[in-house]
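Single-structure report; data block below.
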Amino acid sequence: MAARRMSSLFSSSHASTLLRSIGNYSGRGTSITRLSTAAALEELITPPVKIEHTKLLINGQFVDAASGKTFPTLDPRTGQLIANVAEGDLEDVNRAVAAARKAFDEGPWPRMTAYERSKILLRFADLVEKHADEIAALEVWDNGKPYDQAATDEIPLFVRLFRYYAGWADKIHGLTIQADGPHHVQTLHEPIGVAGQIIPWNFPLLMYAWKVGPALACGNTIVLKTAEQTPLSALYVSKLFHEAGLPPGVLNIVSGYGPSAGAALASHMDVDKLAFTGSTSTGKIVLGLAAKSNLKPVTLELGGKSPFIVCEDANVDEAVDLAHAALFFNQGQCCCAGSRTFVHERVYDEFVEKAKARALNRVVGDPFKKGVEQGPQVDSEQFDKILKYIKSGVDSGATLETGGQRFGSNGYYIQPTVFSNVQDDMLIAKDEIFGPVQSILKFKDINEVIRRSNATPFGLAAGVFTQNLDTANTLTRALKAGTVWVNCFDVFDAAIPFGGYKMSGHGREKGIYSLNNYLQVKAVVTHLKNPAWL
Amino acid sequence: MAETNSNGNSNSSLKIPEIKFTKLFINGEFVDSVSGKTFETIDPRNEEKIADIAEGDKDDVDLAVKAAREAFDHGPWPRMSGSERGRIIMKFVDLVEQNLEEIAALDAIDVGKVFSFGKSREAPFAASVLRYYAGAADKIHGTTLKLSNQLQGYTLYEPIGVVGHIIPWNFPSGMFLFKAGPALAAGCTMVVKPAEQSPLSALYLSHLAKLAGVPDGVINVVNGYGPTAGAAITSHMDIDCVSFTGSTEVGRLVMQAAATSNLKTVSLELGGKSPLIIFDDMDVDAAINLALMGGFANKGEYCVCSSRIFVQEGIYDEFVSKIAIYSKGLTAGDPFDPSTLHGPQADKAQYEKVLSYIEHGKQQGATLLTGGNPCGGKGYYVEPTIFTDVKDDMLIATDEIFGPVMCVFKFKTIEEAIARANSTQYGLAAGIATKDLNIANTVSRSIRAGIVWINCYLAFDADSPYGGYKLSGFGRDFGMEALYKYLQVKSVVTPVHNSPWL
């Protein structure tokens, strides 16, 4: 509670000045003096936001859990309490689904014009923009990501996603279809009904936008379960959604744990559609629950072990920077992190040396502090898991170029870590670590790197770094992954679909493709008398 | 009817807006015409001058095209992302919505449109169409191709370039936004020529576009006449596409000019003589409401006006006797008066043309059921007019009158109705009034027209493309189809080696 006590001593004018100065910072970390651990912790910055919403949001009202239970959400900088949050479980999910069901079956949301829906989404985007500073602060406090990243990248992208989907609401087109005989055929793209959505903690707001945006644009109602690590920002923005005119019951937020609230949602007989983003192991459980209950269709966006391939003709300096960002962005907590850096043998030594230097230069510290590139991992469980993987890398004979330890003595900070000489069968080359651990692997020719890149149960994303058109085209088509970035990485426009091959999941989110997840297709066939043409 | 004022400014029920913009709008600035010439824009309520307007001709069009060309070839507009263009268009929509009253008032004073309807329906609808295209700017998708060799390919939908829009006077602000919206979303730049009858709202809207952040040179407005400014646009060698809404006669000239100059692509939204076919199973009162709306909305100055009403014989007599009574409820008067349902025709030429057609109808032996006369002492008012006993070959049954003149016909069978409805050189719109599913489906497929309304009429929607068959033109406004008019398709093909799939 130290942070909360300090907040009363911190005037709001100071807070806003601070936020502006943080928001104006746009440089990369290289020119900033690396912060010492002591500095990072002694000068812990009080997040300039009040925690106003900690209850469940059901049928337009903030309510306690039926059980009265709460769970703590912790500050990853310290492991200390931010707030106690109502803990939803089966009974709360039942209430939320009932509200969503009623809002879908009887309420105005699917019955108003698509244009009206789009205007509510647009008003919501405007409100989020207006409250961007507070929302960014909540996100950083709960998750530990750098403030600059949240404020200048993620919130604008969140707003952008809702504006994008607002533009889709009135452009959802079925087809009229030729029949073999005298029949008039058309397809109606109808909202699917009540969508259950389970989102992860690494990008709480963006995952919210990926899920909620298309579902609402299509006219569905929603029960959304946030990750227990990061329940706060979804509650805040959902309040704004209601201010923007969203009818009660359309969007219900249940905070809680996977085995209780998540499982209740996945196995609910009155949920028509499920979308899950998280680990592959949990994805299997979710799919199983859908299969055992009402066969609800499931979108899964799961883990990855994405290759980042640096070819011999690559500009090494650019490749190093991009590969570094591809892995370390968001403390390495990205499902599409470029966690296998394949480097051609002709540039390998230079690459390793520079990658190490870049990692050493990475600024770690209080994510609220200006210029910080890397904050703490989200919680102790992730923190412990990553340190175990680092130990496994060392034990299996990979070369630890830099990092490998906890950063500081408080909170869940980990040093930016680079391994070279990583072999394909090492655990750090196979498992999704979800932390700031870069594994560099050497390759000789393109067919070899294709084979090795694809030798994984995952298939989420891939990066290709080359100037050669044929190499780019060959790799692009050969890599079994849902996204291939060529000479770029982590490009997440609203219109670009994202999703996995193999055990990285089912279905695609974002773009026009995401609409299909939330629409039923109804073919309407009418007999024609005396048609003028067929 | 309400007394028409000798001076709209002093006696009208609403304060006439200050006329802020009367010059040409080129490269983000309001400028005089090169020649220094002006023309008068006239208030159709009282035939008095509203303002002197800069009169653009070829030299001004050249300047406007130069600005548009520069803005397209080197400016930011086609180079910013679709989402950024969408944001700017969205700001433009917000400004339009904040100024609905002023926009509706400018159209009302310029062409006699009923103000309350303009403010509450037409201008908001125009804004909603613009918002539709704001949301479309980032949803222009090409396709990746399935090629039959060791090749891969894709299509790019690129903005077509500099667009010339020539718009009519019947929906001045609406047409401006219907044309500019998709062209802006596509990333084009444009030269707009409003009709000489109605330059005011186009100038005001281009001012709002500038305030919203549309870069200079993207929208240029050249007021003037068809044979000078319009012809300069259609024959310009540096305009890539021309979009015209107006009469069929002028549409032919537009297409010829395009053909003899640089083969610019052309879309034409032209005249109509649209049928509304009412079947025996229809409730007569409901059918009359559709007919009155379709035939007399906007004083019949509507390209989709349902000027031919076909009524099945079983309900014909009841229909005719009732519509004669109901049409008298269309109160004519000052378009600024809230009780007015029927304003004056847009200008003297239209007014005289409408009256001459009424005279033709009488002379050729049609029965004048109601109306048929000018009304009010001053201004271009014509009574809502209905003819019965009209033969299919009478002038009033074949020509587009563009006024409040409705022809009512009797028919027996579906086949007869289809044949007679299609027996026109036009093919813009059609209405069907029936509760019978099979009749609705058969007739809707049989009618050669670009839009068919079943048990509704004038049901325009941003997402519903609209345009003509036959001499009503080609190309579509509204919907994503309108966006594609302003895009070029480029196929990009390259060899691909060792692909694991083809």
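Following the order of the structure tokens, chains are lettered A, B, ..., residues in each are numbered from 1, and ligands are numbered from 1.
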
### Task
Identify, on the basis of only C-alpha atoms, every residue whose closest approach to range 218-235 of chain A does not exceed 7 Å; exclude the query and any residue fewer than 5 positions from it along the same chain; express the result as a count of residues only.
41

- Within 8 Å of chain A, which residues of chain B are there when counting only C-alpha atoms? Please give them as a ChimeraX atom specification. /B:83,132,134-136,138-139,438,441-442,445-446,463,496-501

With C-alpha atoms retained, export the selected residues as a PDB file, in the first residue's frame.
```
ATOM      1  CA  SER B  83      -6.523   5.642 -41.667  1.00  0.00           C
ATOM      2  CA  TYR B 132     -19.284   5.855 -44.231  1.00  0.00           C
ATOM      3  CA  ALA B 134     -14.262   7.929 -43.661  1.00  0.00           C
ATOM      4  CA  GLY B 135     -14.573   4.369 -42.381  1.00  0.00           C
ATOM      5  CA  ALA B 136     -13.886   2.965 -45.835  1.00  0.00           C
ATOM      6  CA  ASP B 138      -8.636   2.054 -44.588  1.00  0.00           C
ATOM      7  CA  LYS B 139     -10.588  -0.855 -46.068  1.00  0.00           C
ATOM      8  CA  ASN B 438     -43.294 -14.140 -55.918  1.00  0.00           C
ATOM      9  CA  ASN B 441     -39.035 -11.376 -56.776  1.00  0.00           C
ATOM     10  CA  THR B 442     -40.175 -11.741 -60.369  1.00  0.00           C
ATOM     11  CA  ARG B 445     -35.323  -9.288 -61.413  1.00  0.00           C
ATOM     12  CA  SER B 446     -37.221  -8.235 -64.527  1.00  0.00           C
ATOM     13  CA  ASP B 463     -24.048   1.166 -48.272  1.00  0.00           C
ATOM     14  CA  VAL B 496       8.575 -17.302 -57.208  1.00  0.00           C
ATOM     15  CA  HIS B 497      11.051 -20.119 -56.817  1.00  0.00           C
ATOM     16  CA  ASN B 498      10.761 -23.359 -54.860  1.00  0.00           C
ATOM     17  CA  SER B 499       7.400 -22.468 -53.428  1.00  0.00           C
ATOM     18  CA  PRO B 500       6.019 -25.356 -51.354  1.00  0.00           C
ATOM     19  CA  TRP B 501       2.586 -24.590 -52.801  1.00  0.00           C
TER      20      TRP B 501
END
```

- Pick out each residue of range 428-522 of chain A that DSSP on the backbone tags as helix (DSSP H, G or I); I need them as an NGL selection string. :A and (428-430 or 446-454 or 469-478 or 502-504 or 513-516)

Selection from above, N, CA and C atoms, as a PDB file, in the first residue's frame, can you write it?
```
ATOM      1  N   ILE A 428      15.725 -23.893 -24.362  1.00  0.00           N
ATOM      2  CA  ILE A 428      15.529 -22.459 -24.650  1.00  0.00           C
ATOM      3  C   ILE A 428      15.252 -22.203 -26.133  1.00  0.00           C
ATOM      4  N   ALA A 429      15.537 -23.223 -26.985  1.00  0.00           N
ATOM      5  CA  ALA A 429      15.231 -23.076 -28.417  1.00  0.00           C
ATOM      6  C   ALA A 429      13.873 -23.672 -28.759  1.00  0.00           C
ATOM      7  N   LYS A 430      13.279 -24.379 -27.837  1.00  0.00           N
ATOM      8  CA  LYS A 430      12.019 -25.075 -28.134  1.00  0.00           C
ATOM      9  C   LYS A 430      10.813 -24.474 -27.419  1.00  0.00           C
ATOM     10  N   ILE A 446      19.592 -21.545 -47.102  1.00  0.00           N
ATOM     11  CA  ILE A 446      18.187 -21.168 -46.959  1.00  0.00           C
ATOM     12  C   ILE A 446      17.292 -22.381 -46.712  1.00  0.00           C
ATOM     13  N   ASN A 447      17.594 -23.495 -47.378  1.00  0.00           N
ATOM     14  CA  ASN A 447      16.760 -24.678 -47.159  1.00  0.00           C
ATOM     15  C   ASN A 447      16.891 -25.183 -45.722  1.00  0.00           C
ATOM     16  N   GLU A 448      18.102 -25.067 -45.212  1.00  0.00           N
ATOM     17  CA  GLU A 448      18.321 -25.489 -43.823  1.00  0.00           C
ATOM     18  C   GLU A 448      17.507 -24.598 -42.872  1.00  0.00           C
ATOM     19  N   VAL A 449      17.540 -23.318 -43.107  1.00  0.00           N
ATOM     20  CA  VAL A 449      16.862 -22.432 -42.148  1.00  0.00           C
ATOM     21  C   VAL A 449      15.337 -22.565 -42.270  1.00  0.00           C
ATOM     22  N   ILE A 450      14.862 -22.898 -43.475  1.00  0.00           N
ATOM     23  CA  ILE A 450      13.427 -23.146 -43.617  1.00  0.00           C
ATOM     24  C   ILE A 450      13.041 -24.362 -42.779  1.00  0.00           C
ATOM     25  N   ARG A 451      13.818 -25.433 -42.958  1.00  0.00           N
ATOM     26  CA  ARG A 451      13.505 -26.681 -42.237  1.00  0.00           C
ATOM     27  C   ARG A 451      13.551 -26.454 -40.719  1.00  0.00           C
ATOM     28  N   ARG A 452      14.606 -25.801 -40.273  1.00  0.00           N
ATOM     29  CA  ARG A 452      14.757 -25.612 -38.825  1.00  0.00           C
ATOM     30  C   ARG A 452      13.702 -24.639 -38.278  1.00  0.00           C
ATOM     31  N   SER A 453      13.386 -23.630 -39.048  1.00  0.00           N
ATOM     32  CA  SER A 453      12.367 -22.673 -38.588  1.00  0.00           C
ATOM     33  C   SER A 453      11.014 -23.351 -38.409  1.00  0.00           C
ATOM     34  N   ASN A 454      10.736 -24.265 -39.314  1.00  0.00           N
ATOM     35  CA  ASN A 454       9.434 -24.931 -39.263  1.00  0.00           C
ATOM     36  C   ASN A 454       9.400 -26.108 -38.297  1.00  0.00           C
ATOM     37  N   LEU A 469      15.084 -10.246 -53.288  1.00  0.00           N
ATOM     38  CA  LEU A 469      13.668 -10.481 -53.553  1.00  0.00           C
ATOM     39  C   LEU A 469      13.325 -11.963 -53.571  1.00  0.00           C
ATOM     40  N   ASP A 470      14.162 -12.744 -54.250  1.00  0.00           N
ATOM     41  CA  ASP A 470      13.867 -14.171 -54.339  1.00  0.00           C
ATOM     42  C   ASP A 470      13.959 -14.847 -52.974  1.00  0.00           C
ATOM     43  N   THR A 471      14.963 -14.479 -52.199  1.00  0.00           N
ATOM     44  CA  THR A 471      15.073 -15.042 -50.851  1.00  0.00           C
ATOM     45  C   THR A 471      13.834 -14.692 -50.038  1.00  0.00           C
ATOM     46  N   ALA A 472      13.425 -13.431 -50.134  1.00  0.00           N
ATOM     47  CA  ALA A 472      12.243 -12.995 -49.387  1.00  0.00           C
ATOM     48  C   ALA A 472      11.009 -13.791 -49.814  1.00  0.00           C
ATOM     49  N   ASN A 473      10.817 -13.946 -51.110  1.00  0.00           N
ATOM     50  CA  ASN A 473       9.637 -14.666 -51.588  1.00  0.00           C
ATOM     51  C   ASN A 473       9.683 -16.135 -51.197  1.00  0.00           C
ATOM     52  N   THR A 474      10.852 -16.749 -51.336  1.00  0.00           N
ATOM     53  CA  THR A 474      10.960 -18.167 -51.000  1.00  0.00           C
ATOM     54  C   THR A 474      10.663 -18.391 -49.518  1.00  0.00           C
ATOM     55  N   LEU A 475      11.296 -17.597 -48.671  1.00  0.00           N
ATOM     56  CA  LEU A 475      11.064 -17.766 -47.229  1.00  0.00           C
ATOM     57  C   LEU A 475       9.609 -17.476 -46.871  1.00  0.00           C
ATOM     58  N   THR A 476       9.071 -16.428 -47.457  1.00  0.00           N
ATOM     59  CA  THR A 476       7.703 -16.026 -47.132  1.00  0.00           C
ATOM     60  C   THR A 476       6.720 -17.165 -47.356  1.00  0.00           C
ATOM     61  N   ARG A 477       6.902 -17.848 -48.494  1.00  0.00           N
ATOM     62  CA  ARG A 477       5.952 -18.923 -48.813  1.00  0.00           C
ATOM     63  C   ARG A 477       6.252 -20.194 -48.047  1.00  0.00           C
ATOM     64  N   ALA A 478       7.516 -20.404 -47.684  1.00  0.00           N
ATOM     65  CA  ALA A 478       7.885 -21.687 -47.081  1.00  0.00           C
ATOM     66  C   ALA A 478       7.645 -21.712 -45.569  1.00  0.00           C
ATOM     67  N   LYS A 502      -0.624 -24.371 -36.832  1.00  0.00           N
ATOM     68  CA  LYS A 502      -0.283 -25.453 -35.894  1.00  0.00           C
ATOM     69  C   LYS A 502      -0.758 -25.144 -34.463  1.00  0.00           C
ATOM     70  N   MET A 503       0.103 -25.350 -33.478  1.00  0.00           N
ATOM     71  CA  MET A 503      -0.360 -25.197 -32.097  1.00  0.00           C
ATOM     72  C   MET A 503      -0.310 -23.744 -31.621  1.00  0.00           C
ATOM     73  N   SER A 504      -0.115 -22.839 -32.545  1.00  0.00           N
ATOM     74  CA  SER A 504      -0.257 -21.421 -32.194  1.00  0.00           C
ATOM     75  C   SER A 504      -1.696 -20.941 -32.305  1.00  0.00           C
ATOM     76  N   TYR A 513     -10.766 -10.254 -41.587  1.00  0.00           N
ATOM     77  CA  TYR A 513     -10.873 -11.659 -41.196  1.00  0.00           C
ATOM     78  C   TYR A 513     -11.505 -11.821 -39.820  1.00  0.00           C
ATOM     79  N   SER A 514     -11.280 -10.878 -38.940  1.00  0.00           N
ATOM     80  CA  SER A 514     -11.780 -11.017 -37.568  1.00  0.00           C
ATOM     81  C   SER A 514     -13.302 -10.992 -37.524  1.00  0.00           C
ATOM     82  N   LEU A 515     -13.919 -10.368 -38.530  1.00  0.00           N
ATOM     83  CA  LEU A 515     -15.380 -10.274 -38.496  1.00  0.00           C
ATOM     84  C   LEU A 515     -16.003 -11.670 -38.574  1.00  0.00           C
ATOM     85  N   ASN A 516     -15.374 -12.547 -39.350  1.00  0.00           N
ATOM     86  CA  ASN A 516     -15.926 -13.904 -39.506  1.00  0.00           C
ATOM     87  C   ASN A 516     -16.061 -14.627 -38.180  1.00  0.00           C
TER      88      ASN A 516
END
```

Shortest contact to Phe203 in chain A, candidates A:Val378, A:Val364, A:Val310, A:Ala65, atoms counted only C-alpha atoms, goes to A:Val378

Students should find that CA of Thr456 in chain A and CA of Leu145 in chain B are spaced 28.8 Å

- Could you give me, as a ChimeraX atom specification, the residues within 10 Å of Ser439 in chain A, counting only C-alpha atoms and dropping anything in the same chain fewer than 6 positions from it? /A:327,338-342,393,398-400,417-423,428-429

Given the selection you just returned, output its residues as a file containing all heavy atoms, formatted as a compact mmCIF listing (two decimals), in the first residue's frame.
```
# COMPACT_ATOMS: atom_id res chain seq x y z
N LEU A 327 12.53 -9.36 -29.95
CA LEU A 327 12.53 -10.25 -28.78
C LEU A 327 12.22 -9.51 -27.49
O LEU A 327 11.41 -9.94 -26.69
CB LEU A 327 13.90 -10.96 -28.68
CG LEU A 327 14.08 -12.02 -27.59
CD1 LEU A 327 14.35 -11.48 -26.20
CD2 LEU A 327 12.93 -13.01 -27.58
N GLY A 338 10.25 -12.73 -31.51
CA GLY A 338 11.22 -13.42 -32.36
C GLY A 338 12.24 -14.11 -31.48
O GLY A 338 13.35 -13.61 -31.26
N SER A 339 11.86 -15.26 -30.93
CA SER A 339 12.64 -15.87 -29.85
C SER A 339 13.67 -16.88 -30.37
O SER A 339 14.41 -17.46 -29.58
CB SER A 339 11.71 -16.52 -28.84
OG SER A 339 10.79 -17.38 -29.49
N ARG A 340 13.68 -17.10 -31.66
CA ARG A 340 14.78 -17.88 -32.25
C ARG A 340 15.42 -17.01 -33.32
O ARG A 340 14.88 -16.84 -34.40
CB ARG A 340 14.26 -19.18 -32.87
CG ARG A 340 13.77 -20.18 -31.82
CD ARG A 340 13.36 -21.49 -32.47
NE ARG A 340 12.18 -21.31 -33.31
CZ ARG A 340 11.90 -22.10 -34.36
NH1 ARG A 340 12.72 -23.08 -34.70
NH2 ARG A 340 10.80 -21.88 -35.06
N THR A 341 16.56 -16.44 -33.00
CA THR A 341 17.23 -15.55 -33.94
C THR A 341 18.21 -16.38 -34.76
O THR A 341 19.28 -16.74 -34.28
CB THR A 341 17.97 -14.43 -33.17
OG1 THR A 341 17.07 -13.84 -32.22
CG2 THR A 341 18.48 -13.37 -34.13
N PHE A 342 17.81 -16.71 -35.98
CA PHE A 342 18.68 -17.47 -36.87
C PHE A 342 19.53 -16.49 -37.66
O PHE A 342 19.01 -15.62 -38.36
CB PHE A 342 17.84 -18.30 -37.86
CG PHE A 342 17.15 -19.48 -37.25
CD1 PHE A 342 15.82 -19.44 -36.88
CD2 PHE A 342 17.87 -20.67 -37.04
CE1 PHE A 342 15.18 -20.54 -36.33
CE2 PHE A 342 17.23 -21.78 -36.49
CZ PHE A 342 15.89 -21.72 -36.13
N GLY A 393 19.44 -22.88 -20.09
CA GLY A 393 20.30 -22.52 -21.23
C GLY A 393 21.77 -22.68 -20.88
O GLY A 393 22.54 -23.25 -21.65
N ALA A 398 24.67 -23.55 -23.92
CA ALA A 398 24.62 -22.33 -24.73
C ALA A 398 25.54 -21.29 -24.11
O ALA A 398 25.83 -21.34 -22.91
CB ALA A 398 23.19 -21.81 -24.80
N THR A 399 26.03 -20.37 -24.93
CA THR A 399 26.94 -19.35 -24.41
C THR A 399 26.14 -18.15 -23.92
O THR A 399 25.41 -17.51 -24.69
CB THR A 399 27.90 -18.87 -25.52
OG1 THR A 399 28.54 -20.02 -26.07
CG2 THR A 399 28.92 -17.90 -24.98
N LEU A 400 26.26 -17.86 -22.63
CA LEU A 400 25.57 -16.69 -22.08
C LEU A 400 26.39 -15.46 -22.39
O LEU A 400 27.44 -15.25 -21.78
CB LEU A 400 25.39 -16.87 -20.57
CG LEU A 400 24.68 -15.73 -19.85
CD1 LEU A 400 23.23 -15.61 -20.29
CD2 LEU A 400 24.75 -15.93 -18.33
N THR A 417 18.94 -10.67 -21.54
CA THR A 417 19.80 -11.84 -21.61
C THR A 417 19.96 -12.31 -23.05
O THR A 417 18.96 -12.41 -23.78
CB THR A 417 19.18 -12.97 -20.75
OG1 THR A 417 19.10 -12.51 -19.40
CG2 THR A 417 19.98 -14.25 -20.84
N VAL A 418 21.21 -12.57 -23.43
CA VAL A 418 21.47 -13.06 -24.79
C VAL A 418 22.27 -14.36 -24.72
O VAL A 418 23.32 -14.41 -24.05
CB VAL A 418 22.27 -12.02 -25.61
CG1 VAL A 418 22.60 -12.58 -26.99
CG2 VAL A 418 21.49 -10.72 -25.73
N PHE A 419 21.75 -15.39 -25.37
CA PHE A 419 22.50 -16.63 -25.54
C PHE A 419 22.95 -16.76 -26.99
O PHE A 419 22.16 -16.50 -27.91
CB PHE A 419 21.61 -17.86 -25.24
CG PHE A 419 21.44 -18.14 -23.77
CD1 PHE A 419 20.23 -17.88 -23.14
CD2 PHE A 419 22.48 -18.68 -23.03
CE1 PHE A 419 20.05 -18.16 -21.79
CE2 PHE A 419 22.31 -18.96 -21.67
CZ PHE A 419 21.09 -18.70 -21.05
N SER A 420 24.19 -17.20 -27.20
CA SER A 420 24.62 -17.58 -28.55
C SER A 420 24.91 -19.08 -28.55
O SER A 420 24.79 -19.75 -27.51
CB SER A 420 25.86 -16.78 -28.96
OG SER A 420 26.93 -17.08 -28.09
N ASN A 421 25.30 -19.57 -29.72
CA ASN A 421 25.57 -21.02 -29.85
C ASN A 421 24.41 -21.86 -29.34
O ASN A 421 24.62 -22.90 -28.70
CB ASN A 421 26.86 -21.40 -29.10
CG ASN A 421 28.07 -20.79 -29.76
OD1 ASN A 421 28.18 -20.78 -30.99
ND2 ASN A 421 28.96 -20.22 -28.96
N VAL A 422 23.24 -21.42 -29.60
CA VAL A 422 22.06 -22.18 -29.16
C VAL A 422 21.79 -23.27 -30.20
O VAL A 422 21.87 -23.03 -31.41
CB VAL A 422 20.84 -21.23 -29.03
CG1 VAL A 422 19.59 -22.03 -28.63
CG2 VAL A 422 21.13 -20.15 -28.00
N GLN A 423 21.52 -24.47 -29.70
CA GLN A 423 21.22 -25.60 -30.59
C GLN A 423 19.71 -25.88 -30.58
O GLN A 423 19.03 -25.62 -29.59
CB GLN A 423 21.98 -26.85 -30.12
CG GLN A 423 23.49 -26.65 -30.01
CD GLN A 423 24.10 -26.18 -31.33
OE1 GLN A 423 23.83 -26.76 -32.39
NE2 GLN A 423 24.91 -25.12 -31.27
N ILE A 428 15.73 -23.89 -24.36
CA ILE A 428 15.53 -22.46 -24.65
C ILE A 428 15.25 -22.20 -26.13
O ILE A 428 14.80 -21.12 -26.51
CB ILE A 428 16.74 -21.59 -24.20
CG1 ILE A 428 18.04 -22.08 -24.84
CG2 ILE A 428 16.84 -21.54 -22.69
CD1 ILE A 428 19.21 -21.10 -24.65
N ALA A 429 15.54 -23.22 -26.98
CA ALA A 429 15.23 -23.08 -28.42
C ALA A 429 13.87 -23.67 -28.76
O ALA A 429 13.39 -23.51 -29.87
CB ALA A 429 16.31 -23.74 -29.26
```

- Have a look at B:Trp169, B:Gly82, B:Gly174, B:Gln364 and name the one nearest to Leu100 in chain B; count only C-alpha atoms.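 The answer is B:Gly174, which sits nearest to Leu100 in chain B.
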
- Find the distance between CA of Leu265 in chain A and CA of Leu289 in chain A and write it in Å to one decimal.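 Pair CA of Leu265 in chain A / CA of Leu289 in chain A returns 9.2 Å.
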
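Proximity ranking of B:Leu395, B:Ala421, B:Ile277, B:Cys456 relative to Glu359 in chain B places B:Leu395 first, based on only C-alpha atoms.
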
Give me, as a PyMOL selection string, all polymer residues having an atom no more than 7 Å from range 150-160 of chain B, counting only C-alpha atoms and skipping those fewer than 2 positions away in the same chain. chain B and resi 142-145+147+162+186-188+240+486-497

For this session: Within 8 Å of Glu312 in chain A, counting only C-alpha atoms, which residues show up once you throw out same-chain ones fewer than 2 positions away? Write them as a list in words, please.
Result: Val310, Ala314, Val343, His344, Glu345, Arg346, Val347 and Thr466 of chain A

Per residue of range 376-441 of chain B within 12 Å of range 448-455 of chain B, which atom pair is closest and at what distance in Å (one decimal), using only C-alpha atoms, listed by chain and increasing number, as a Markdown table?
```
| residue | atom | partner | partner_atom | distance |
| --- | --- | --- | --- | --- |
| B:Ile418 | CA | B:Arg448 | CA | 9.4 |
| B:Ala419 | CA | B:Arg448 | CA | 10.2 |
| B:Arg420 | CA | B:Arg448 | CA | 11.4 |
| B:Ala421 | CA | B:Arg448 | CA | 8.7 |
| B:Asn422 | CA | B:Arg448 | CA | 6.3 |
| B:Ser423 | CA | B:Arg448 | CA | 9.5 |
| B:Thr424 | CA | B:Arg448 | CA | 9.6 |
| B:Gln425 | CA | B:Arg448 | CA | 10.1 |
| B:Tyr426 | CA | B:Ala449 | CA | 7.9 |
| B:Gly427 | CA | B:Ala449 | CA | 4.1 |
| B:Leu428 | CA | B:Ala449 | CA | 4.8 |
| B:Ala429 | CA | B:Ile451 | CA | 4.7 |
| B:Ala430 | CA | B:Val452 | CA | 4.8 |
| B:Gly431 | CA | B:Trp453 | CA | 4.7 |
| B:Ile432 | CA | B:Ile454 | CA | 4.7 |
| B:Ala433 | CA | B:Asn455 | CA | 4.8 |
| B:Thr434 | CA | B:Asn455 | CA | 6.7 |
| B:Lys435 | CA | B:Asn455 | CA | 8.2 |
| B:Asp436 | CA | B:Ile454 | CA | 10.7 |
| B:Leu437 | CA | B:Ile454 | CA | 10.3 |
| B:Ile439 | CA | B:Ile454 | CA | 10.4 |
| B:Ala440 | CA | B:Ile454 | CA | 7.0 |
| B:Asn441 | CA | B:Ile454 | CA | 9.4 |
```
